[in-house]
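Here's input35.cif, which has mmCIF, C-alpha atoms and all ligand atoms:
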data_data
loop_
_atom_site.label_atom_id
_atom_site.label_comp_id
_atom_site.auth_asym_id
_atom_site.auth_seq_id
_atom_site.Cartn_x
_atom_site.Cartn_y
_atom_site.Cartn_z
CA MET D 398 0.00 0.00 0.00
CA LEU D 399 2.69 2.50 1.08
CA ARG D 400 4.83 1.57 -1.93
CA CYS D 401 1.81 2.31 -4.13
CA VAL D 402 1.34 5.73 -2.52
CA PHE D 403 5.03 6.62 -3.00
CA ARG D 404 4.95 5.43 -6.62
CA CYS D 405 1.89 7.61 -7.16
CA LEU D 406 3.67 10.64 -5.68
CA ARG D 407 6.70 10.00 -7.92
CA THR D 408 4.58 9.78 -11.10
CA ASN D 409 2.23 12.67 -10.20
CA PRO D 410 4.42 15.43 -8.74
CA THR D 411 2.54 18.51 -7.62
CA ALA D 412 3.20 21.79 -9.39
CA GLY D 413 5.23 22.93 -6.37
CA GLN D 414 7.48 19.90 -6.74
CA ARG D 415 7.90 20.70 -10.43
CA GLY D 416 9.14 24.15 -9.41
CA MET D 417 6.47 26.20 -11.20
CA SER D 418 3.92 28.63 -9.83
CA GLN D 419 1.00 26.64 -8.47
CA SER D 420 -1.49 29.09 -9.89
CA SER D 421 -0.02 28.99 -13.41
CA LEU D 422 -2.27 27.48 -16.05
CA ALA D 423 0.30 27.72 -18.85
CA GLY D 424 -0.27 25.03 -21.47
CA LYS D 425 -3.84 24.34 -20.34
CA VAL D 426 -6.86 24.60 -22.63
CA ALA D 427 -10.08 25.86 -21.05
CA ILE D 428 -13.62 25.77 -22.46
CA ILE D 429 -15.93 28.29 -20.79
CA THR D 430 -19.59 28.26 -21.84
CA ALA D 431 -21.55 31.52 -22.18
CA SER D 432 -18.32 33.45 -21.91
CA THR D 433 -18.79 36.60 -23.95
CA ASP D 434 -20.12 38.65 -21.02
CA GLY D 435 -20.54 38.66 -17.23
CA ILE D 436 -19.09 35.91 -15.06
CA GLY D 437 -18.16 33.71 -18.05
CA LEU D 438 -16.06 36.47 -19.61
CA ALA D 439 -14.45 37.23 -16.24
CA ALA D 440 -13.61 33.51 -15.86
CA ALA D 441 -12.04 33.51 -19.34
CA GLN D 442 -9.96 36.56 -18.36
CA ALA D 443 -8.86 35.03 -15.05
CA LEU D 444 -7.90 31.70 -16.67
CA GLY D 445 -6.26 33.46 -19.63
CA ARG D 446 -4.21 35.77 -17.43
CA ARG D 447 -2.81 32.66 -15.72
CA GLY D 448 -1.62 31.35 -19.09
CA ALA D 449 -4.48 29.10 -20.26
CA HIS D 450 -5.67 29.14 -23.86
CA VAL D 451 -9.35 29.99 -23.46
CA VAL D 452 -12.16 28.89 -25.76
CA VAL D 453 -15.04 31.34 -25.48
CA SER D 454 -18.54 30.82 -26.81
CA SER D 455 -22.09 32.09 -26.73
CA ARG D 456 -25.11 31.90 -29.00
CA GLN D 457 -24.45 35.09 -31.00
CA GLN D 458 -21.54 35.31 -33.47
CA ALA D 459 -21.24 39.09 -32.98
CA ASN D 460 -20.79 38.64 -29.21
CA VAL D 461 -18.16 35.94 -29.77
CA GLU D 462 -16.20 38.22 -32.11
CA LYS D 463 -16.35 41.10 -29.61
CA ALA D 464 -15.12 38.92 -26.72
CA VAL D 465 -12.32 37.38 -28.81
CA ALA D 466 -11.12 40.87 -29.82
CA LEU D 467 -11.23 42.06 -26.19
CA LEU D 468 -9.31 39.05 -24.86
CA LYS D 469 -6.71 39.30 -27.65
CA SER D 470 -6.22 42.98 -26.77
CA GLN D 471 -5.42 41.77 -23.24
CA SER D 472 -2.76 39.38 -24.63
CA ILE D 473 -4.84 36.30 -23.78
CA GLN D 474 -4.63 33.26 -26.08
CA VAL D 475 -8.19 32.79 -27.26
CA THR D 476 -10.37 30.92 -29.74
CA GLY D 477 -14.10 31.52 -30.13
CA THR D 478 -17.18 29.93 -31.63
CA THR D 479 -20.95 30.03 -31.30
CA CYS D 480 -22.54 27.41 -29.05
CA ASN D 481 -26.05 26.95 -27.74
CA VAL D 482 -25.35 24.51 -24.91
CA GLY D 483 -28.91 23.21 -25.13
CA LYS D 484 -28.17 21.71 -28.57
CA GLY D 485 -26.21 18.44 -28.86
CA GLU D 486 -24.70 19.35 -32.24
CA ASP D 487 -23.44 22.69 -30.87
CA ARG D 488 -21.84 21.03 -27.84
CA GLU D 489 -20.08 18.55 -30.11
CA LYS D 490 -18.96 21.31 -32.47
CA LEU D 491 -17.47 23.25 -29.54
CA VAL D 492 -15.50 20.24 -28.31
CA GLN D 493 -14.38 19.23 -31.82
CA MET D 494 -13.22 22.74 -32.67
CA THR D 495 -11.27 22.94 -29.40
CA LEU D 496 -9.52 19.64 -30.10
CA GLU D 497 -8.67 20.65 -33.67
CA GLN D 498 -7.45 24.15 -32.84
CA CYS D 499 -5.97 23.68 -29.36
CA GLY D 500 -4.97 20.00 -29.33
CA GLY D 501 -6.83 18.93 -26.18
CA ILE D 502 -9.01 19.98 -23.24
CA ASP D 503 -7.96 20.47 -19.60
CA ILE D 504 -10.67 22.69 -18.10
CA LEU D 505 -14.44 23.06 -18.48
CA VAL D 506 -16.29 25.94 -16.85
CA SER D 507 -20.01 25.30 -17.24
CA ASN D 508 -21.48 28.76 -16.84
CA ALA D 509 -24.49 29.08 -19.17
CA ALA D 510 -27.89 29.48 -17.53
CA VAL D 511 -31.37 30.75 -18.22
CA ASN D 512 -34.18 32.02 -16.10
CA PRO D 513 -37.34 32.49 -18.18
CA PHE D 514 -39.71 32.61 -15.17
CA PHE D 515 -40.46 35.00 -12.28
CA GLY D 516 -43.40 34.21 -10.01
CA ASN D 517 -45.02 31.71 -7.70
CA ILE D 518 -43.52 28.29 -8.28
CA LEU D 519 -46.98 26.72 -8.65
CA ASP D 520 -47.59 28.95 -11.68
CA SER D 521 -44.55 27.56 -13.52
CA THR D 522 -45.31 25.25 -16.44
CA GLU D 523 -43.78 22.02 -17.74
CA GLU D 524 -42.29 24.02 -20.63
CA ILE D 525 -40.48 26.34 -18.20
CA TRP D 526 -39.13 23.41 -16.18
CA ASP D 527 -37.93 21.68 -19.35
CA LYS D 528 -36.11 24.81 -20.51
CA ILE D 529 -34.47 25.58 -17.15
CA LEU D 530 -33.40 22.03 -16.37
CA SER D 531 -32.25 21.41 -19.93
CA VAL D 532 -29.88 24.42 -20.08
CA ASN D 533 -28.88 24.84 -16.43
CA VAL D 534 -28.44 21.18 -15.44
CA LYS D 535 -28.65 18.66 -18.30
CA ALA D 536 -26.38 20.61 -20.64
CA ALA D 537 -23.84 21.05 -17.80
CA PHE D 538 -23.74 17.28 -17.37
CA LEU D 539 -23.67 16.51 -21.10
CA MET D 540 -20.82 18.98 -21.69
CA THR D 541 -18.91 17.28 -18.88
CA LYS D 542 -19.55 13.85 -20.36
CA LEU D 543 -18.20 15.05 -23.72
CA VAL D 544 -14.94 16.52 -22.36
CA VAL D 545 -14.06 13.87 -19.76
CA PRO D 546 -12.42 11.37 -22.20
CA HIS D 547 -10.24 14.16 -23.59
CA MET D 548 -9.20 15.35 -20.13
CA ALA D 549 -8.40 11.75 -19.17
CA LYS D 550 -6.16 11.46 -22.25
CA ARG D 551 -4.15 14.47 -20.94
CA GLY D 552 -3.77 12.85 -17.52
CA GLY D 553 -6.50 14.84 -15.74
CA GLY D 554 -8.40 18.08 -15.65
CA ASN D 555 -10.89 20.34 -13.93
CA VAL D 556 -14.63 20.90 -14.20
CA VAL D 557 -16.26 23.90 -12.51
CA PHE D 558 -20.02 24.42 -12.45
CA VAL D 559 -21.49 27.87 -11.84
CA SER D 560 -24.34 27.53 -9.35
CA SER D 561 -25.78 30.33 -7.17
CA VAL D 562 -26.53 31.41 -3.62
CA ALA D 563 -30.12 30.57 -4.65
CA ALA D 564 -29.06 26.90 -4.55
CA TYR D 565 -29.05 27.14 -0.74
CA GLN D 566 -32.03 29.42 -0.16
CA PRO D 567 -34.48 29.63 -3.08
CA MET D 568 -34.95 33.28 -4.06
CA LEU D 569 -38.40 34.78 -3.99
CA ALA D 570 -40.09 34.35 -7.41
CA LEU D 571 -37.12 32.32 -8.72
CA GLY D 572 -38.25 28.83 -7.62
CA PRO D 573 -37.44 26.69 -10.70
CA TYR D 574 -34.13 28.52 -11.32
CA SER D 575 -33.13 28.07 -7.67
CA VAL D 576 -33.93 24.34 -7.82
CA SER D 577 -31.78 23.99 -10.96
CA LYS D 578 -28.89 25.60 -9.09
CA THR D 579 -29.35 23.21 -6.13
CA ALA D 580 -29.13 20.35 -8.64
CA LEU D 581 -25.64 21.53 -9.62
CA LEU D 582 -24.45 21.04 -6.03
CA GLY D 583 -25.63 17.43 -6.32
CA LEU D 584 -24.09 16.99 -9.76
CA THR D 585 -20.74 18.18 -8.38
CA ARG D 586 -20.89 15.60 -5.59
CA ALA D 587 -22.09 12.81 -7.89
CA LEU D 588 -19.31 13.32 -10.45
CA ALA D 589 -16.34 13.96 -8.14
CA PRO D 590 -15.76 10.39 -6.89
CA GLU D 591 -16.19 8.83 -10.35
CA LEU D 592 -13.83 11.27 -12.04
CA ALA D 593 -11.17 11.26 -9.30
CA HIS D 594 -9.90 7.98 -10.82
CA SER D 595 -9.03 9.95 -13.97
CA ASN D 596 -7.39 12.74 -11.95
CA ILE D 597 -10.26 15.08 -12.84
CA ARG D 598 -11.47 17.39 -10.07
CA VAL D 599 -15.09 18.59 -10.11
CA ASN D 600 -16.04 21.69 -8.16
CA CYS D 601 -18.67 24.37 -8.11
CA VAL D 602 -18.91 28.06 -7.31
CA ALA D 603 -22.05 29.63 -5.87
CA PRO D 604 -22.00 33.40 -6.42
CA GLY D 605 -24.16 35.84 -4.49
CA ILE D 606 -25.52 38.87 -6.31
CA ILE D 607 -23.02 39.84 -8.98
CA LYS D 608 -23.29 42.92 -11.16
CA THR D 609 -24.08 41.43 -14.60
CA ARG D 610 -26.86 41.71 -17.17
CA PHE D 611 -28.46 38.53 -15.77
CA SER D 612 -29.16 40.10 -12.37
CA THR D 613 -30.03 43.66 -13.47
CA THR D 614 -33.54 43.43 -12.01
CA LEU D 615 -31.97 42.70 -8.59
CA TRP D 616 -29.10 45.21 -8.32
CA GLU D 617 -31.00 48.05 -10.07
CA ASN D 618 -33.79 47.86 -7.50
CA ASP D 619 -32.84 49.82 -4.35
CA ASP D 620 -35.47 48.11 -2.17
CA ILE D 621 -34.28 44.62 -3.13
CA MET D 622 -30.63 45.63 -2.66
CA ASP D 623 -31.32 47.19 0.76
CA GLU D 624 -32.90 43.90 1.83
CA PHE D 625 -29.94 41.89 0.47
CA LYS D 626 -27.39 44.22 2.06
CA ARG D 627 -28.94 43.52 5.44
CA GLN D 628 -27.91 39.87 4.92
CA LEU D 629 -24.41 40.68 3.66
CA CYS D 630 -21.18 41.20 5.59
CA ILE D 631 -19.62 43.02 2.62
CA LYS D 632 -22.29 45.60 1.92
CA ARG D 633 -22.12 45.81 -1.85
CA VAL D 634 -22.93 43.83 -4.95
CA GLY D 635 -20.14 41.51 -6.19
CA LEU D 636 -18.17 41.96 -9.39
CA PRO D 637 -17.75 39.32 -12.13
CA GLU D 638 -13.95 39.27 -11.63
CA GLU D 639 -14.50 38.31 -7.97
CA ILE D 640 -16.04 35.06 -9.26
CA GLY D 641 -13.56 34.63 -12.13
CA GLY D 642 -10.73 34.52 -9.59
CA VAL D 643 -12.44 31.78 -7.56
CA ILE D 644 -12.94 29.72 -10.72
CA ALA D 645 -9.29 30.12 -11.72
CA PHE D 646 -8.21 29.10 -8.19
CA LEU D 647 -10.33 25.92 -8.39
CA CYS D 648 -8.72 25.03 -11.74
CA SER D 649 -5.18 25.61 -10.45
CA GLU D 650 -2.77 23.38 -8.53
CA ASP D 651 -3.43 25.58 -5.47
CA ALA D 652 -6.70 23.65 -5.25
CA SER D 653 -5.13 20.23 -5.92
CA TYR D 654 -6.80 18.62 -2.85
CA ILE D 655 -10.25 20.09 -3.46
CA THR D 656 -12.94 18.12 -5.27
CA GLY D 657 -16.69 17.68 -4.90
CA GLU D 658 -16.92 21.07 -3.18
CA THR D 659 -18.88 24.24 -3.71
CA ILE D 660 -17.24 27.55 -2.82
CA THR D 661 -19.73 30.26 -1.98
CA ALA D 662 -18.67 33.79 -2.92
CA THR D 663 -21.53 35.88 -1.65
CA GLY D 664 -20.11 38.78 0.36
CA GLY D 665 -20.87 36.84 3.51
CA MET D 666 -24.48 35.76 3.06
CA SER D 667 -25.13 32.68 5.15
CA CYS D 668 -25.46 29.58 2.94
CA ARG D 669 -26.65 26.31 4.43
CA LEU D 670 -28.63 23.48 2.91
N1 LIG T 701 -25.23 37.66 -11.76
C1 LIG T 701 -25.58 37.06 -10.64
O1 LIG T 701 -25.98 37.72 -9.66
C2 LIG T 701 -25.45 35.57 -10.49
C3 LIG T 701 -25.57 35.04 -9.20
C4 LIG T 701 -25.46 33.68 -9.03
C5 LIG T 701 -25.21 32.86 -10.13
N2 LIG T 701 -25.11 33.41 -11.37
C6 LIG T 701 -24.83 32.49 -12.48
O2 LIG T 701 -23.69 32.94 -13.17
C7 LIG T 701 -23.74 32.44 -14.51
C8 LIG T 701 -23.43 33.56 -15.46
O3 LIG T 701 -24.40 34.57 -15.34
P1 LIG T 701 -24.04 36.11 -15.42
O4 LIG T 701 -24.54 36.73 -14.19
O5 LIG T 701 -22.64 36.30 -15.81
O6 LIG T 701 -25.02 36.64 -16.56
P2 LIG T 701 -24.89 36.63 -18.11
O7 LIG T 701 -26.23 37.04 -18.61
O8 LIG T 701 -23.72 37.42 -18.58
O9 LIG T 701 -24.59 35.09 -18.40
C9 LIG T 701 -25.53 34.12 -18.67
C10 LIG T 701 -25.24 33.73 -20.07
O10 LIG T 701 -25.80 32.47 -20.39
C11 LIG T 701 -26.10 32.55 -21.76
N3 LIG T 701 -26.96 31.48 -22.17
C12 LIG T 701 -28.25 31.27 -21.84
N4 LIG T 701 -28.72 30.18 -22.45
C13 LIG T 701 -27.69 29.69 -23.18
C14 LIG T 701 -27.56 28.58 -24.04
N5 LIG T 701 -28.58 27.74 -24.28
N6 LIG T 701 -26.37 28.36 -24.63
C15 LIG T 701 -25.34 29.20 -24.41
N7 LIG T 701 -25.41 30.28 -23.62
C16 LIG T 701 -26.58 30.51 -23.02
C17 LIG T 701 -26.73 33.91 -21.91
O11 LIG T 701 -26.73 34.35 -23.25
C18 LIG T 701 -25.82 34.76 -21.05
O12 LIG T 701 -24.74 35.27 -21.81
C19 LIG T 701 -25.12 31.81 -14.68
O13 LIG T 701 -25.00 30.42 -14.51
C20 LIG T 701 -25.92 32.40 -13.52
O14 LIG T 701 -26.96 31.56 -13.13
C21 LIG T 701 -25.22 34.76 -11.59
#
Show how you would write the structure in this file as structure tokens.
Amino acid sequence: MLRCVFRCLRTNPTAGQRGMSQSSLAGKVAIITASTDGIGLAAAQALGRRGAHVVVSSRQQANVEKAVALLKSQSIQVTGTTCNVGKGEDREKLVQMTLEQCGGIDILVSNAAVNPFFGNILDSTEEIWDKILSVNVKAAFLMTKLVVPHMAKRGGGNVVFVSSVAAYQPMLALGPYSVSKTALLGLTRALAPELAHSNIRVNCVAPGIIKTRFSTTLWENDDIMDEFKRQLCIKRVGLPEEIGGVIAFLCSEDASYITGETITATGGMSCRL
């Protein structure tokens, strides 16, 4: 047993043992879904600044082109394509293009999400549930399933799901969306033990209220924000880069002993299931 452990340590040295910065992602290839704006774009910037080649995507070609130009202007290695994560052929195209243009896949950040419904949960329809679960949960799993064999070929990798503080305490009028985000906590825990054998870590980040287009109705409303601030230790809305940094940490060797976990980044809101 001990001999096996030592052999393992010899064949899998940590970044520190290899003498490189543990937060460096040089040579890594990272796919980030819905990454032309908001938290996805901030994650691409954080991963790219640490040396990863980032593959950005979203549904609109014009948005992809804009994000690629921005990242290039920041000296980040970047490739872009359109991808609707709800469509199987788009997911496959994204993976195929990454393999052809970047030679492999080391990181997946599953960030895309929709929320087409505000209201009492009992007023939500089957169509709404299908849409929310399909994009927010099923596509996250199916993207993971597609990239895992390619990560395994490279000797390991990292998957990060983007959940929400709403996973812990469903937000008023956001019942189905909140439930989809709770499902991602479960998906993280279900995948981590299976993928540990392939040296793939699976983690999740649960942001609080972050200033992006997605949450405009929350942070633009003073009454809602006053109520939220009462629950916060850090009395302000979060910024996309404050989540991008957490994602990059989870994908780095600094987090080499972390898997199956969700990191909450909420400005100190209490999060308990
Ligand atoms: N902003 C917040 O306060 C907040 C808080 C907690 C969690 N989140 C989560 O962070 C993630 C990113 O959101 P954001 O706040 O950066 O907003 P955002 O609007 O910039 O990002 C969401 C993106 O998902 C994209 N998207 C939706 N359906 C898609 C599909 N089928 N295929 C591809 N892309 C699709 C949208 O076009 C949009 O660009 C989401 O998962 C969201 O649930 C956001």
Scan for residues within 9 Å of the point (-9.3, 10.9, -16.6) in the coordinates of the file, using all atoms listed in the file, and reply as an mmCIF file with C-alpha atoms, in the frame of the given file.
data_model
loop_
_atom_site.group_PDB
_atom_site.id
_atom_site.type_symbol
_atom_site.label_atom_id
_atom_site.label_comp_id
_atom_site.auth_asym_id
_atom_site.auth_seq_id
_atom_site.Cartn_x
_atom_site.Cartn_y
_atom_site.Cartn_z
ATOM 1 C CA VAL D 545 -14.060 13.870 -19.760
ATOM 2 C CA PRO D 546 -12.420 11.370 -22.200
ATOM 3 C CA HIS D 547 -10.240 14.160 -23.590
ATOM 4 C CA MET D 548 -9.200 15.350 -20.130
ATOM 5 C CA ALA D 549 -8.400 11.750 -19.170
ATOM 6 C CA LYS D 550 -6.160 11.460 -22.250
ATOM 7 C CA ARG D 551 -4.150 14.470 -20.940
ATOM 8 C CA GLY D 552 -3.770 12.850 -17.520
ATOM 9 C CA GLY D 553 -6.500 14.840 -15.740
ATOM 10 C CA GLY D 554 -8.400 18.080 -15.650
ATOM 11 C CA LEU D 592 -13.830 11.270 -12.040
ATOM 12 C CA ALA D 593 -11.170 11.260 -9.300
ATOM 13 C CA HIS D 594 -9.900 7.980 -10.820
ATOM 14 C CA SER D 595 -9.030 9.950 -13.970
ATOM 15 C CA ASN D 596 -7.390 12.740 -11.950
ATOM 16 C CA ILE D 597 -10.260 15.080 -12.840
#
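With only C-alpha atoms taken into account, the protein and nucleic acid residues at most 8 Å from Ala449 (chain D) (excluding it and anything under 3 positions from it in its own chain) are Leu422, Ala423, Gly424, Lys425, Val426, Ala427, Leu444, Gly445, Arg446 and Gln474 of chain D.
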Please write out, as lines of an AutoDock Vina configuration file, where the centre of an axis-aligned box around all listed atoms of ligand LIG 701 (chain T) lies and how long its edges are, in Å to one decimal, after adding 5 Å on each side.
center_x = -25.7
center_y = 32.7
center_z = -16.8
size_x = 16.1
size_y = 20.0
size_z = 25.6
Item to check | Pick from D:Cys601, D:Leu571, D:Cys648, D:Val482 nearest to Ser531 (chain D), counting only C-alpha atoms | outcome: D:Val482
Next on the checklist: Excluding Thr609 (chain D) and its own-chain neighbours fewer than 6 positions away, which residues fall within 9 Å of it when counting all atoms listed in the file? Please give them as JSON, numbers by chain.
Outcome noted: {"D": [434, 435, 436, 616, 636, 637]}
Item to check | Selected residue, from D:Leu468, D:Ala587, D:Val599, D:Ile525, that lies nearest to Ala652 (chain D) when counting all atoms listed in the file | outcome: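 Looking at the shortest contact to Ala652 (chain D), the residue is D:Val599.
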Item to check | Residue list as a PyMOL selection string for point (-14.0, 29.0, -15.4), cut-off 8 Å, all atoms listed in the file | outcome: chain D and resi 427-429+437+440-441+443-444+504-508+557+641+644-645+648
Next on the checklist: Could you list, as a list in words, all residues that come within 6 Å of ligand LIG 701 (chain T)? Count all atoms listed in the file.
Outcome noted: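 Listing the residues within 6 Å of ligand LIG 701 (chain T) gives Ala431, Asp434, Gly435, Ile436, Gly437, Ser455, Arg456, Cys480, Asn481, Val482, Gly483, Asn508, Ala509, Ala510, Val511, Val532, Val559, Ser560, Ser561, Val562, Pro604, Gly605, Ile606, Ile607, Lys608, Thr609, Arg610, Phe611 and Ser612 of chain D.
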Checklist entry - How many Å lie between CA of Ile660 (chain D) and CA of Asn460 (chain D), rounded to one decimal? => result 28.8 Å
Next on the checklist: What's around Leu467 (chain D) at 10 Å? Count all atoms listed in the file, leave out sequence neighbours fewer than 5 positions away in its own chain, and write the answer as number ranges by chain.
Outcome noted: D: 433, 438, 442, 461-462, 472-473, 475
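Residues surrounding Tyr574 (chain D) within 8 Å are D:Val511, D:Asn512, D:Phe514, D:Ile529 [only C-alpha atoms; sequence separation below 6 positions excluded].
Counting from CA of Gln493 (chain D), the distance to CA of Val465 (chain D) is 18.5 Å.
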Item to check | For CA of Val452 (chain D) and CA of Gly477 (chain D), the interatomic separation in Å (one decimal) | outcome: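 Taking CA of Val452 (chain D) as the start and CA of Gly477 (chain D) as the end point, the length is 5.5 Å.
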Checklist entry - Looking at only C-alpha atoms, which of D:Val492, D:Leu543, D:Pro573, D:Gly642 is the one that sits closest to Glu524 (chain D)? => result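 Using only C-alpha atoms, the shortest distance to Glu524 (chain D) belongs to D:Pro573.
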Checklist entry - Which residue gives the smallest distance to Arg598 (chain D) among D:Glu489, D:Asp623, D:Glu650, D:Glu639, with only C-alpha atoms counted? => result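 Nearest candidate to Arg598 (chain D) out of D:Glu489, D:Asp623, D:Glu650, D:Glu639: D:Glu650.
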Next on the checklist: Restricting the calculation to all atoms listed in the file: of D:Gln628, D:Thr659, D:Ser470, D:Thr495, which residue gets closest to Thr579 (chain D)?
Outcome noted: D:Thr659
Once N, CA and C atoms are restored for region 488-512 of chain D, what would the output be as a PDB file, in the coordinates of the input?
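After the write, selection-v3.pdb holds the following:
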ATOM      1  N   ARG D 488     -22.803  21.471 -28.869  1.00  0.00           N
ATOM      2  CA  ARG D 488     -21.840  21.030 -27.840  1.00  0.00           C
ATOM      3  C   ARG D 488     -20.710  20.248 -28.504  1.00  0.00           C
ATOM      4  N   GLU D 489     -21.102  19.357 -29.433  1.00  0.00           N
ATOM      5  CA  GLU D 489     -20.080  18.550 -30.110  1.00  0.00           C
ATOM      6  C   GLU D 489     -19.171  19.411 -30.966  1.00  0.00           C
ATOM      7  N   LYS D 490     -19.756  20.404 -31.624  1.00  0.00           N
ATOM      8  CA  LYS D 490     -18.960  21.310 -32.470  1.00  0.00           C
ATOM      9  C   LYS D 490     -17.929  22.078 -31.620  1.00  0.00           C
ATOM     10  N   LEU D 491     -18.356  22.511 -30.435  1.00  0.00           N
ATOM     11  CA  LEU D 491     -17.470  23.250 -29.540  1.00  0.00           C
ATOM     12  C   LEU D 491     -16.272  22.385 -29.115  1.00  0.00           C
ATOM     13  N   VAL D 492     -16.566  21.144 -28.758  1.00  0.00           N
ATOM     14  CA  VAL D 492     -15.500  20.240 -28.310  1.00  0.00           C
ATOM     15  C   VAL D 492     -14.570  19.909 -29.482  1.00  0.00           C
ATOM     16  N   GLN D 493     -15.159  19.601 -30.644  1.00  0.00           N
ATOM     17  CA  GLN D 493     -14.380  19.230 -31.820  1.00  0.00           C
ATOM     18  C   GLN D 493     -13.453  20.368 -32.248  1.00  0.00           C
ATOM     19  N   MET D 494     -14.017  21.579 -32.267  1.00  0.00           N
ATOM     20  CA  MET D 494     -13.220  22.740 -32.670  1.00  0.00           C
ATOM     21  C   MET D 494     -12.048  22.965 -31.699  1.00  0.00           C
ATOM     22  N   THR D 495     -12.328  22.761 -30.408  1.00  0.00           N
ATOM     23  CA  THR D 495     -11.270  22.940 -29.400  1.00  0.00           C
ATOM     24  C   THR D 495     -10.153  21.925 -29.619  1.00  0.00           C
ATOM     25  N   LEU D 496     -10.540  20.673 -29.889  1.00  0.00           N
ATOM     26  CA  LEU D 496      -9.520  19.640 -30.100  1.00  0.00           C
ATOM     27  C   LEU D 496      -8.694  19.954 -31.343  1.00  0.00           C
ATOM     28  N   GLU D 497      -9.385  20.379 -32.418  1.00  0.00           N
ATOM     29  CA  GLU D 497      -8.670  20.650 -33.670  1.00  0.00           C
ATOM     30  C   GLU D 497      -7.750  21.863 -33.534  1.00  0.00           C
ATOM     31  N   GLN D 498      -8.239  22.906 -32.866  1.00  0.00           N
ATOM     32  CA  GLN D 498      -7.450  24.150 -32.840  1.00  0.00           C
ATOM     33  C   GLN D 498      -6.501  24.257 -31.656  1.00  0.00           C
ATOM     34  N   CYS D 499      -6.799  23.523 -30.571  1.00  0.00           N
ATOM     35  CA  CYS D 499      -5.970  23.680 -29.360  1.00  0.00           C
ATOM     36  C   CYS D 499      -5.294  22.369 -28.950  1.00  0.00           C
ATOM     37  N   GLY D 500      -5.659  21.264 -29.564  1.00  0.00           N
ATOM     38  CA  GLY D 500      -4.970  20.000 -29.330  1.00  0.00           C
ATOM     39  C   GLY D 500      -5.396  19.215 -28.108  1.00  0.00           C
ATOM     40  N   GLY D 501      -6.362  19.688 -27.351  1.00  0.00           N
ATOM     41  CA  GLY D 501      -6.830  18.930 -26.180  1.00  0.00           C
ATOM     42  C   GLY D 501      -7.699  19.812 -25.292  1.00  0.00           C
ATOM     43  N   ILE D 502      -8.166  19.223 -24.191  1.00  0.00           N
ATOM     44  CA  ILE D 502      -9.010  19.980 -23.240  1.00  0.00           C
ATOM     45  C   ILE D 502      -8.577  19.639 -21.817  1.00  0.00           C
ATOM     46  N   ASP D 503      -8.346  20.675 -21.007  1.00  0.00           N
ATOM     47  CA  ASP D 503      -7.960  20.470 -19.600  1.00  0.00           C
ATOM     48  C   ASP D 503      -8.997  20.991 -18.622  1.00  0.00           C
ATOM     49  N   ILE D 504      -9.759  22.001 -19.045  1.00  0.00           N
ATOM     50  CA  ILE D 504     -10.670  22.690 -18.100  1.00  0.00           C
ATOM     51  C   ILE D 504     -12.022  22.912 -18.783  1.00  0.00           C
ATOM     52  N   LEU D 505     -13.096  22.657 -18.029  1.00  0.00           N
ATOM     53  CA  LEU D 505     -14.440  23.060 -18.480  1.00  0.00           C
ATOM     54  C   LEU D 505     -15.067  23.910 -17.387  1.00  0.00           C
ATOM     55  N   VAL D 506     -15.483  25.117 -17.761  1.00  0.00           N
ATOM     56  CA  VAL D 506     -16.290  25.940 -16.850  1.00  0.00           C
ATOM     57  C   VAL D 506     -17.689  25.990 -17.440  1.00  0.00           C
ATOM     58  N   SER D 507     -18.632  25.347 -16.759  1.00  0.00           N
ATOM     59  CA  SER D 507     -20.010  25.300 -17.240  1.00  0.00           C
ATOM     60  C   SER D 507     -20.778  26.444 -16.595  1.00  0.00           C
ATOM     61  N   ASN D 508     -21.005  27.487 -17.392  1.00  0.00           N
ATOM     62  CA  ASN D 508     -21.480  28.760 -16.840  1.00  0.00           C
ATOM     63  C   ASN D 508     -22.855  29.171 -17.381  1.00  0.00           C
ATOM     64  N   ALA D 509     -23.245  28.624 -18.525  1.00  0.00           N
ATOM     65  CA  ALA D 509     -24.490  29.080 -19.170  1.00  0.00           C
ATOM     66  C   ALA D 509     -25.706  28.768 -18.301  1.00  0.00           C
ATOM     67  N   ALA D 510     -26.639  29.714 -18.272  1.00  0.00           N
ATOM     68  CA  ALA D 510     -27.890  29.480 -17.530  1.00  0.00           C
ATOM     69  C   ALA D 510     -28.986  30.380 -18.057  1.00  0.00           C
ATOM     70  N   VAL D 511     -30.209  29.927 -17.864  1.00  0.00           N
ATOM     71  CA  VAL D 511     -31.370  30.750 -18.220  1.00  0.00           C
ATOM     72  C   VAL D 511     -32.305  30.861 -17.019  1.00  0.00           C
ATOM     73  N   ASN D 512     -33.063  31.947 -17.036  1.00  0.00           N
ATOM     74  CA  ASN D 512     -34.180  32.020 -16.100  1.00  0.00           C
ATOM     75  C   ASN D 512     -35.380  32.691 -16.770  1.00  0.00           C
TER      76      ASN D 512
END
